[in-house]
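The structure appears right after this line, and notes come after that.
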Amino acid sequence: MYTLVFDIETIPDITAGSKLYGFSGDDAQIAEAMFAKRREETQGSDFLRLHLQKIVTISVVLSKGEQVKVWSLGHSGQSEAELIKKFYDLVEQCVPTLVSWNGSGFDMPVLHYRALINKVVANRYWESGEHDSGFKWNNYLNRYHYRHLDLMDVLACYQAKANAPLDEIASLLGFPGKMGMAGNKVWEYYLNGKLNDINDYCETDVLNTYLVYLQFEYMRGFLDAKQLKLKKESLHQYLQQENKKHFNEFLTAWSFE
C-alpha cells in the first residue's frame, strides 16, 4: 500500500482578480488590490478565498514499505492544469493513503476548485462507491476514515479550537519544523522567479508531515518500534543520497536517533 504525503503552495489568481473584480495593472498591483479587498471583507486578514488561490507547486513524499521518494510536481513553465493533473494521476496510479496537515481545511478544497476551473479529470479521487464498492464508506472525501488522513484534523478530534501548527508539533517531536521561508512569502518569492526555493520550502513541509505521520502510526499501533526505526532510517539514507542543499539542512536540523 502506497502512502502519499502532500502539501501545496499557492499565489493569487491574477486572472480571476481581473475577471471577477475588474482589477488592472501588473501582477503585483492586481494582487495587492485582491489583498486589499480581502482585508476589507475580513477586517484585517488578506488571506484570499480558496478558489482565488492558484497552485504553483505540490510537493510529495511517496512511500511503500522501506522505499521512499520526495519531490515537487511543479516546475517553471508548467501550467496549473498540468501540475494538478500530475497529482491526480499519482492518485490514479498508486491509489495511496493520502496524508496531509490541514489538507481538509486548505489543500484539498483548493485542489477541488482549481481542478474544476482547469477542467482536470480525477476519476479515482472522486470515487465514492458508484463504480468500486470498496470506496463506498472509505474514500478520499470521507472526513472520518483514513483514505485521506488529515493529521491536524484527526489529532484535534475534528475540533478547530484544538488545532495545532505543524511547525510546533514537528519541533516537539525532534523534527526540524519550518525551515527557510514561510508560507506568507510565497508570492514574493514567485514574483522574483524563485520557484525552486518555493519547491524546497514545500518539500521540507511534507518531510515534517511524513515524520509526524510515522509517529502517529506508531502511536496507534500500526508500526512497532523496529518498523518505525527502519522507516526513519530509510528516509535519512534517501536524503543523504540525494545530497540536495535543503535536504542536507533538514538532516542537520533533525534530531535523528
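Every chain in the C-alpha cells has a letter given in the order shown (A, B, ...), and although residue numbers restart at 1 in each chain, ligands are simply numbered from 1 in the order shown.
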
Please identify all polymer residues within 9 Å of segment 33-48 of chain A, counting only C-alpha atoms, omitting same-chain residues fewer than 4 positions from it, and present them as a PyMOL selection string. chain A and resi 12+14+17+21+23-24+28-29+52-53

Create the file for the chosen residues now, containing all heavy atoms and written as a PDB file, in the first residue's frame.
```
ATOM      1  N   PRO A  12      -1.847  34.390  -5.562  1.00  0.00           N
ATOM      2  CA  PRO A  12      -3.117  34.959  -6.017  1.00  0.00           C
ATOM      3  C   PRO A  12      -3.382  34.619  -7.489  1.00  0.00           C
ATOM      4  O   PRO A  12      -2.467  34.648  -8.312  1.00  0.00           O
ATOM      5  CB  PRO A  12      -2.912  36.465  -5.836  1.00  0.00           C
ATOM      6  CG  PRO A  12      -1.832  36.588  -4.821  1.00  0.00           C
ATOM      7  CD  PRO A  12      -0.922  35.423  -5.053  1.00  0.00           C
ATOM      8  N   ILE A  14      -4.294  35.933 -10.494  1.00  0.00           N
ATOM      9  CA  ILE A  14      -4.374  37.273 -11.089  1.00  0.00           C
ATOM     10  C   ILE A  14      -5.480  37.344 -12.140  1.00  0.00           C
ATOM     11  O   ILE A  14      -6.212  38.341 -12.234  1.00  0.00           O
ATOM     12  CB  ILE A  14      -3.019  37.661 -11.718  1.00  0.00           C
ATOM     13  CG1 ILE A  14      -1.915  37.637 -10.655  1.00  0.00           C
ATOM     14  CG2 ILE A  14      -3.105  39.025 -12.382  1.00  0.00           C
ATOM     15  CD1 ILE A  14      -2.181  38.517  -9.468  1.00  0.00           C
ATOM     16  N   GLY A  17      -8.739  37.753 -10.439  1.00  0.00           N
ATOM     17  CA  GLY A  17      -8.888  39.093  -9.904  1.00  0.00           C
ATOM     18  C   GLY A  17      -9.323  40.090 -10.961  1.00  0.00           C
ATOM     19  O   GLY A  17     -10.169  40.963 -10.712  1.00  0.00           O
ATOM     20  N   TYR A  21     -13.340  41.102 -10.573  1.00  0.00           N
ATOM     21  CA  TYR A  21     -13.421  42.405  -9.913  1.00  0.00           C
ATOM     22  C   TYR A  21     -12.977  43.571 -10.790  1.00  0.00           C
ATOM     23  O   TYR A  21     -13.043  44.727 -10.361  1.00  0.00           O
ATOM     24  CB  TYR A  21     -12.585  42.388  -8.632  1.00  0.00           C
ATOM     25  CG  TYR A  21     -12.897  41.211  -7.750  1.00  0.00           C
ATOM     26  CD1 TYR A  21     -11.906  40.284  -7.407  1.00  0.00           C
ATOM     27  CD2 TYR A  21     -14.185  40.989  -7.268  1.00  0.00           C
ATOM     28  CE1 TYR A  21     -12.197  39.190  -6.597  1.00  0.00           C
ATOM     29  CE2 TYR A  21     -14.483  39.897  -6.461  1.00  0.00           C
ATOM     30  CZ  TYR A  21     -13.478  39.003  -6.133  1.00  0.00           C
ATOM     31  OH  TYR A  21     -13.768  37.917  -5.347  1.00  0.00           O
ATOM     32  N   PHE A  23      -9.992  44.349 -11.683  1.00  0.00           N
ATOM     33  CA  PHE A  23      -8.714  44.936 -11.298  1.00  0.00           C
ATOM     34  C   PHE A  23      -7.766  44.947 -12.502  1.00  0.00           C
ATOM     35  O   PHE A  23      -7.759  44.018 -13.314  1.00  0.00           O
ATOM     36  CB  PHE A  23      -8.073  44.142 -10.167  1.00  0.00           C
ATOM     37  CG  PHE A  23      -8.854  44.167  -8.883  1.00  0.00           C
ATOM     38  CD1 PHE A  23      -8.868  43.066  -8.035  1.00  0.00           C
ATOM     39  CD2 PHE A  23      -9.572  45.294  -8.508  1.00  0.00           C
ATOM     40  CE1 PHE A  23      -9.588  43.085  -6.847  1.00  0.00           C
ATOM     41  CE2 PHE A  23     -10.290  45.324  -7.316  1.00  0.00           C
ATOM     42  CZ  PHE A  23     -10.303  44.209  -6.490  1.00  0.00           C
ATOM     43  N   SER A  24      -6.952  45.982 -12.593  1.00  0.00           N
ATOM     44  CA  SER A  24      -6.000  46.089 -13.708  1.00  0.00           C
ATOM     45  C   SER A  24      -4.637  46.518 -13.191  1.00  0.00           C
ATOM     46  O   SER A  24      -4.482  46.925 -12.043  1.00  0.00           O
ATOM     47  CB  SER A  24      -6.504  47.096 -14.747  1.00  0.00           C
ATOM     48  OG  SER A  24      -6.659  48.376 -14.159  1.00  0.00           O
ATOM     49  N   ALA A  28       1.657  42.357  -9.601  1.00  0.00           N
ATOM     50  CA  ALA A  28       1.800  42.802  -8.214  1.00  0.00           C
ATOM     51  C   ALA A  28       0.675  43.760  -7.832  1.00  0.00           C
ATOM     52  O   ALA A  28       0.146  43.699  -6.712  1.00  0.00           O
ATOM     53  CB  ALA A  28       3.157  43.461  -8.014  1.00  0.00           C
ATOM     54  N   GLN A  29       0.285  44.643  -8.755  1.00  0.00           N
ATOM     55  CA  GLN A  29      -0.773  45.613  -8.467  1.00  0.00           C
ATOM     56  C   GLN A  29      -2.129  44.926  -8.329  1.00  0.00           C
ATOM     57  O   GLN A  29      -2.920  45.266  -7.441  1.00  0.00           O
ATOM     58  CB  GLN A  29      -0.813  46.665  -9.583  1.00  0.00           C
ATOM     59  CG  GLN A  29       0.396  47.588  -9.590  1.00  0.00           C
ATOM     60  CD  GLN A  29       0.466  48.457 -10.835  1.00  0.00           C
ATOM     61  OE1 GLN A  29       0.019  48.062 -11.917  1.00  0.00           O
ATOM     62  NE2 GLN A  29       1.020  49.658 -10.683  1.00  0.00           N
ATOM     63  N   LEU A  52      -9.651  31.539  -5.167  1.00  0.00           N
ATOM     64  CA  LEU A  52      -8.842  32.593  -5.781  1.00  0.00           C
ATOM     65  C   LEU A  52      -7.349  32.360  -5.608  1.00  0.00           C
ATOM     66  O   LEU A  52      -6.552  33.237  -5.913  1.00  0.00           O
ATOM     67  CB  LEU A  52      -9.224  33.952  -5.186  1.00  0.00           C
ATOM     68  CG  LEU A  52     -10.682  34.379  -5.391  1.00  0.00           C
ATOM     69  CD1 LEU A  52     -10.939  35.712  -4.712  1.00  0.00           C
ATOM     70  CD2 LEU A  52     -11.018  34.463  -6.877  1.00  0.00           C
ATOM     71  N   GLN A  53      -6.982  31.176  -5.125  1.00  0.00           N
ATOM     72  CA  GLN A  53      -5.574  30.843  -4.924  1.00  0.00           C
ATOM     73  C   GLN A  53      -5.124  29.849  -5.994  1.00  0.00           C
ATOM     74  O   GLN A  53      -5.660  28.752  -6.109  1.00  0.00           O
ATOM     75  CB  GLN A  53      -5.374  30.266  -3.521  1.00  0.00           C
ATOM     76  CG  GLN A  53      -5.802  31.222  -2.425  1.00  0.00           C
ATOM     77  CD  GLN A  53      -5.164  30.922  -1.095  1.00  0.00           C
ATOM     78  OE1 GLN A  53      -4.019  30.486  -1.033  1.00  0.00           O
ATOM     79  NE2 GLN A  53      -5.881  31.172  -0.018  1.00  0.00           N
TER      80      GLN A  53
END
```

Shell around Val121 of chain A at 12 Å using only C-alpha atoms, local window under 3 positions removed, as a PyMOL selection string: chain A and resi 81-82+84-89+91-92+111-112+114-118+124-127

Which polymer residues have any atom within 8 Å of an atom of Val68 of chain A, counting only C-alpha atoms, with same-chain residues fewer than 6 positions away left out, as an mmCIF file with N, CA and C atoms, in the first residue's frame?
```cif
data_model
loop_
_atom_site.group_PDB
_atom_site.id
_atom_site.type_symbol
_atom_site.label_atom_id
_atom_site.label_comp_id
_atom_site.auth_asym_id
_atom_site.auth_seq_id
_atom_site.Cartn_x
_atom_site.Cartn_y
_atom_site.Cartn_z
ATOM 1 N N VAL A 61 5.740 13.215 -0.569
ATOM 2 C CA VAL A 61 6.561 12.081 -0.142
ATOM 3 C C VAL A 61 5.761 10.838 -0.523
ATOM 4 N N LEU A 62 6.335 9.998 -1.358
ATOM 5 C CA LEU A 62 5.685 8.754 -1.751
ATOM 6 C C LEU A 62 6.456 7.608 -1.121
ATOM 7 N N SER A 234 15.416 4.737 6.565
ATOM 8 C CA SER A 234 15.275 4.750 5.106
ATOM 9 C C SER A 234 15.177 6.169 4.580
ATOM 10 N N LEU A 235 14.394 7.004 5.269
ATOM 11 C CA LEU A 235 14.271 8.401 4.855
ATOM 12 C C LEU A 235 15.593 9.123 5.029
ATOM 13 N N TYR A 238 17.913 8.124 2.272
ATOM 14 C CA TYR A 238 17.470 8.695 0.994
ATOM 15 C C TYR A 238 17.888 10.159 0.883
#
```

Between atom CA of Lys178 of chain A and atom CA of Cys157 of chain A - distance in Å to one decimal: 23.9 Å

Determine which residues of segment 61-211 of chain A receive a DSSP assignment of strand (DSSP E), computed from the backbone, and state them as a list in words.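 For segment 61-211 of chain A, the strand (DSSP E) set is Val61, Leu62, Ser63, Lys64, Gln67, Val68, Lys69, Val70, Trp71, Ser72, Thr97, Leu98, Val99, Ser100, His148, Leu149 and Asp150 of chain A.
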
Neighbours of Tyr113 of chain A within 8 Å (only C-alpha atoms; same-chain residues fewer than 4 positions away dropped), as a PyMOL selection string? chain A and resi 50-51+109+117

Selected residue, from A:Met108, A:Leu195, A:Leu251, A:Cys94, that lies nearest to Ser76 of chain A when counting only C-alpha atoms: A:Leu195

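Distances here use only C-alpha atoms; by that measure, the residue among A:Val56, A:Tyr146, A:Gln93, A:Gln159 closest to Asn123 of chain A is A:Gln93.
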
Just how far from atom CA of His148 of chain A is atom CA of Ser133 of chain A, in Å to one decimal?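 Computing it gives 17.1 Å between the two atoms.
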
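The closest residue to Thr204 of chain A, picked from A:Leu239, A:Leu98, A:Ala162, A:Leu90 and counting only C-alpha atoms, is A:Leu239.
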
12 Å contact set for Val5 of chain A, only C-alpha atoms, chain neighbours under 4 positions out, as a PyMOL selection string: chain A and resi 58-64+68-72+87+90-91+96-103+107+147-151+202-214

Same residues, N, CA and C atoms, output as a compact mmCIF listing (two decimals), in the first residue's frame:
```txt
# COMPACT_ATOMS: atom_id res chain seq x y z
N ILE A 58 3.14 21.42 -5.88
CA ILE A 58 2.65 20.37 -4.99
C ILE A 58 3.85 19.49 -4.69
N SER A 59 4.21 19.41 -3.42
CA SER A 59 5.34 18.56 -3.03
C SER A 59 4.80 17.30 -2.36
N VAL A 60 5.50 16.20 -2.58
CA VAL A 60 5.00 14.91 -2.09
C VAL A 60 6.13 14.06 -1.52
N VAL A 61 5.74 13.21 -0.57
CA VAL A 61 6.56 12.08 -0.14
C VAL A 61 5.76 10.84 -0.52
N LEU A 62 6.33 10.00 -1.36
CA LEU A 62 5.69 8.75 -1.75
C LEU A 62 6.46 7.61 -1.12
N SER A 63 5.75 6.79 -0.34
CA SER A 63 6.44 5.68 0.32
C SER A 63 5.64 4.39 0.18
N LYS A 64 6.39 3.30 0.17
CA LYS A 64 5.81 1.96 0.18
C LYS A 64 6.83 1.04 0.82
N VAL A 68 11.14 5.14 -0.29
CA VAL A 68 10.61 6.48 -0.09
C VAL A 68 11.23 7.41 -1.14
N LYS A 69 10.44 8.39 -1.57
CA LYS A 69 10.91 9.38 -2.54
C LYS A 69 10.24 10.71 -2.23
N VAL A 70 11.00 11.79 -2.38
CA VAL A 70 10.49 13.13 -2.10
C VAL A 70 10.74 14.02 -3.31
N TRP A 71 9.73 14.71 -3.78
CA TRP A 71 9.93 15.61 -4.92
C TRP A 71 8.76 16.57 -5.05
N SER A 72 8.92 17.55 -5.92
CA SER A 72 7.87 18.53 -6.21
C SER A 72 7.38 18.33 -7.63
N PHE A 87 -0.74 15.41 -10.00
CA PHE A 87 -1.11 14.96 -8.66
C PHE A 87 -2.20 13.89 -8.74
N LEU A 90 -1.06 10.57 -10.00
CA LEU A 90 -0.40 9.77 -8.96
C LEU A 90 -1.44 9.01 -8.13
N VAL A 91 -2.52 9.69 -7.80
CA VAL A 91 -3.60 9.05 -7.05
C VAL A 91 -4.20 7.91 -7.86
N PRO A 96 -3.12 5.63 -3.26
CA PRO A 96 -2.43 5.66 -1.97
C PRO A 96 -3.34 6.08 -0.83
N THR A 97 -2.84 5.93 0.38
CA THR A 97 -3.38 6.67 1.51
C THR A 97 -2.81 8.08 1.40
N LEU A 98 -3.68 9.06 1.32
CA LEU A 98 -3.24 10.45 1.27
C LEU A 98 -3.07 10.96 2.70
N VAL A 99 -1.98 11.68 2.93
CA VAL A 99 -1.70 12.22 4.26
C VAL A 99 -1.38 13.71 4.12
N SER A 100 -1.98 14.51 4.99
CA SER A 100 -1.76 15.95 4.94
C SER A 100 -1.79 16.54 6.34
N TRP A 101 -1.44 17.80 6.42
CA TRP A 101 -1.64 18.58 7.64
C TRP A 101 -2.53 19.75 7.26
N ASN A 102 -3.76 19.71 7.72
CA ASN A 102 -4.80 20.67 7.36
C ASN A 102 -5.21 20.53 5.90
N GLY A 103 -5.06 19.33 5.35
CA GLY A 103 -5.48 19.11 3.96
C GLY A 103 -6.96 19.28 3.75
N ASP A 107 -5.67 22.40 1.58
CA ASP A 107 -5.10 21.84 0.35
C ASP A 107 -6.16 21.20 -0.55
N ARG A 147 -8.56 7.05 4.27
CA ARG A 147 -8.00 7.02 2.91
C ARG A 147 -7.35 8.37 2.60
N HIS A 148 -7.95 9.44 3.13
CA HIS A 148 -7.22 10.70 3.25
C HIS A 148 -7.15 11.03 4.72
N LEU A 149 -5.95 11.03 5.27
CA LEU A 149 -5.73 11.28 6.68
C LEU A 149 -5.19 12.69 6.87
N ASP A 150 -6.05 13.58 7.34
CA ASP A 150 -5.61 14.92 7.71
C ASP A 150 -5.16 14.85 9.16
N LEU A 151 -3.86 14.81 9.36
CA LEU A 151 -3.31 14.61 10.70
C LEU A 151 -3.74 15.69 11.68
N CYS A 202 8.41 23.80 0.33
CA CYS A 202 7.27 22.89 0.37
C CYS A 202 7.72 21.45 0.67
N GLU A 203 8.86 21.06 0.12
CA GLU A 203 9.37 19.71 0.37
C GLU A 203 9.74 19.50 1.83
N THR A 204 10.28 20.53 2.49
CA THR A 204 10.59 20.36 3.91
C THR A 204 9.31 20.25 4.73
N ASP A 205 8.25 20.90 4.27
CA ASP A 205 6.96 20.77 4.95
C ASP A 205 6.43 19.34 4.86
N VAL A 206 6.51 18.74 3.68
CA VAL A 206 5.99 17.37 3.56
C VAL A 206 6.89 16.37 4.30
N LEU A 207 8.17 16.69 4.40
CA LEU A 207 9.06 15.82 5.19
C LEU A 207 8.66 15.85 6.67
N ASN A 208 8.37 17.03 7.19
CA ASN A 208 7.89 17.13 8.56
C ASN A 208 6.58 16.37 8.74
N THR A 209 5.68 16.54 7.79
CA THR A 209 4.38 15.86 7.88
C THR A 209 4.56 14.34 7.84
N TYR A 210 5.44 13.88 6.98
CA TYR A 210 5.69 12.43 6.87
C TYR A 210 6.24 11.87 8.19
N LEU A 211 7.16 12.58 8.80
CA LEU A 211 7.74 12.10 10.06
C LEU A 211 6.71 12.12 11.20
N VAL A 212 5.86 13.15 11.23
CA VAL A 212 4.79 13.17 12.23
C VAL A 212 3.83 12.01 11.97
N TYR A 213 3.57 11.74 10.70
CA TYR A 213 2.69 10.61 10.34
C TYR A 213 3.26 9.28 10.84
N LEU A 214 4.57 9.08 10.69
CA LEU A 214 5.18 7.85 11.19
C LEU A 214 4.98 7.71 12.70
```

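If you look at atom CA of Lys229 of chain A and atom CA of Gly65 of chain A, they are 12.5 Å away from each other.
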
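For the set A:Asn139, A:Lys161, A:Phe106, A:Thr10, the residue with the smallest atom-to-atom gap to Tyr189 of chain A is A:Thr10, counting only C-alpha atoms.
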
Find the residues near Gly129 of chain A: any atom within 12 Å, counting only C-alpha atoms, skip ones fewer than 5 places away on the same chain, and give them as a PDB file with N, CA, C and O atoms, in the first residue's frame.
```
ATOM      1  N   ASN A 123     -10.858  10.652 -11.783  1.00  0.00           N
ATOM      2  CA  ASN A 123     -11.872   9.619 -11.534  1.00  0.00           C
ATOM      3  C   ASN A 123     -11.691   8.907 -10.199  1.00  0.00           C
ATOM      4  O   ASN A 123     -12.632   8.769  -9.411  1.00  0.00           O
ATOM      5  N   ARG A 124     -10.505   8.397  -9.951  1.00  0.00           N
ATOM      6  CA  ARG A 124     -10.280   7.598  -8.748  1.00  0.00           C
ATOM      7  C   ARG A 124     -10.453   8.439  -7.494  1.00  0.00           C
ATOM      8  O   ARG A 124     -11.023   7.985  -6.502  1.00  0.00           O
ATOM      9  N   GLY A 134     -15.533  -0.813  -2.802  1.00  0.00           N
ATOM     10  CA  GLY A 134     -14.553  -0.621  -1.744  1.00  0.00           C
ATOM     11  C   GLY A 134     -14.395   0.831  -1.323  1.00  0.00           C
ATOM     12  O   GLY A 134     -13.824   1.123  -0.275  1.00  0.00           O
ATOM     13  N   PHE A 135     -14.906   1.746  -2.136  1.00  0.00           N
ATOM     14  CA  PHE A 135     -14.803   3.179  -1.849  1.00  0.00           C
ATOM     15  C   PHE A 135     -16.100   3.757  -1.291  1.00  0.00           C
ATOM     16  O   PHE A 135     -16.195   4.959  -1.075  1.00  0.00           O
ATOM     17  N   LYS A 136     -17.090   2.887  -1.033  1.00  0.00           N
ATOM     18  CA  LYS A 136     -18.393   3.419  -0.615  1.00  0.00           C
ATOM     19  C   LYS A 136     -18.313   4.143   0.712  1.00  0.00           C
ATOM     20  O   LYS A 136     -18.870   5.227   0.882  1.00  0.00           O
ATOM     21  N   TRP A 137     -17.656   3.537   1.682  1.00  0.00           N
ATOM     22  CA  TRP A 137     -17.592   4.128   3.012  1.00  0.00           C
ATOM     23  C   TRP A 137     -16.226   4.733   3.315  1.00  0.00           C
ATOM     24  O   TRP A 137     -16.109   5.616   4.164  1.00  0.00           O
ATOM     25  N   ASN A 138     -15.192   4.244   2.666  1.00  0.00           N
ATOM     26  CA  ASN A 138     -13.841   4.741   2.924  1.00  0.00           C
ATOM     27  C   ASN A 138     -13.279   5.286   1.621  1.00  0.00           C
ATOM     28  O   ASN A 138     -12.741   4.547   0.809  1.00  0.00           O
ATOM     29  N   ASN A 139     -13.429   6.593   1.430  1.00  0.00           N
ATOM     30  CA  ASN A 139     -12.970   7.221   0.196  1.00  0.00           C
ATOM     31  C   ASN A 139     -12.197   8.493   0.522  1.00  0.00           C
ATOM     32  O   ASN A 139     -12.063   8.868   1.689  1.00  0.00           O
ATOM     33  N   TYR A 140     -11.689   9.151  -0.495  1.00  0.00           N
ATOM     34  CA  TYR A 140     -10.849  10.320  -0.259  1.00  0.00           C
ATOM     35  C   TYR A 140     -11.631  11.527   0.262  1.00  0.00           C
ATOM     36  O   TYR A 140     -11.032  12.490   0.749  1.00  0.00           O
ATOM     37  N   LEU A 141     -12.946  11.491   0.180  1.00  0.00           N
ATOM     38  CA  LEU A 141     -13.763  12.615   0.607  1.00  0.00           C
ATOM     39  C   LEU A 141     -14.334  12.444   2.004  1.00  0.00           C
ATOM     40  O   LEU A 141     -14.894  13.375   2.567  1.00  0.00           O
ATOM     41  N   ASN A 142     -14.217  11.244   2.568  1.00  0.00           N
ATOM     42  CA  ASN A 142     -14.808  10.945   3.868  1.00  0.00           C
ATOM     43  C   ASN A 142     -13.894  11.430   4.989  1.00  0.00           C
ATOM     44  O   ASN A 142     -12.790  10.931   5.166  1.00  0.00           O
TER      45      ASN A 142
END
```

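Proximity ranking of A:Glu249, A:Glu257, A:Glu80, A:Asp26 relative to Ile8 of chain A places A:Glu80 first, based on only C-alpha atoms.
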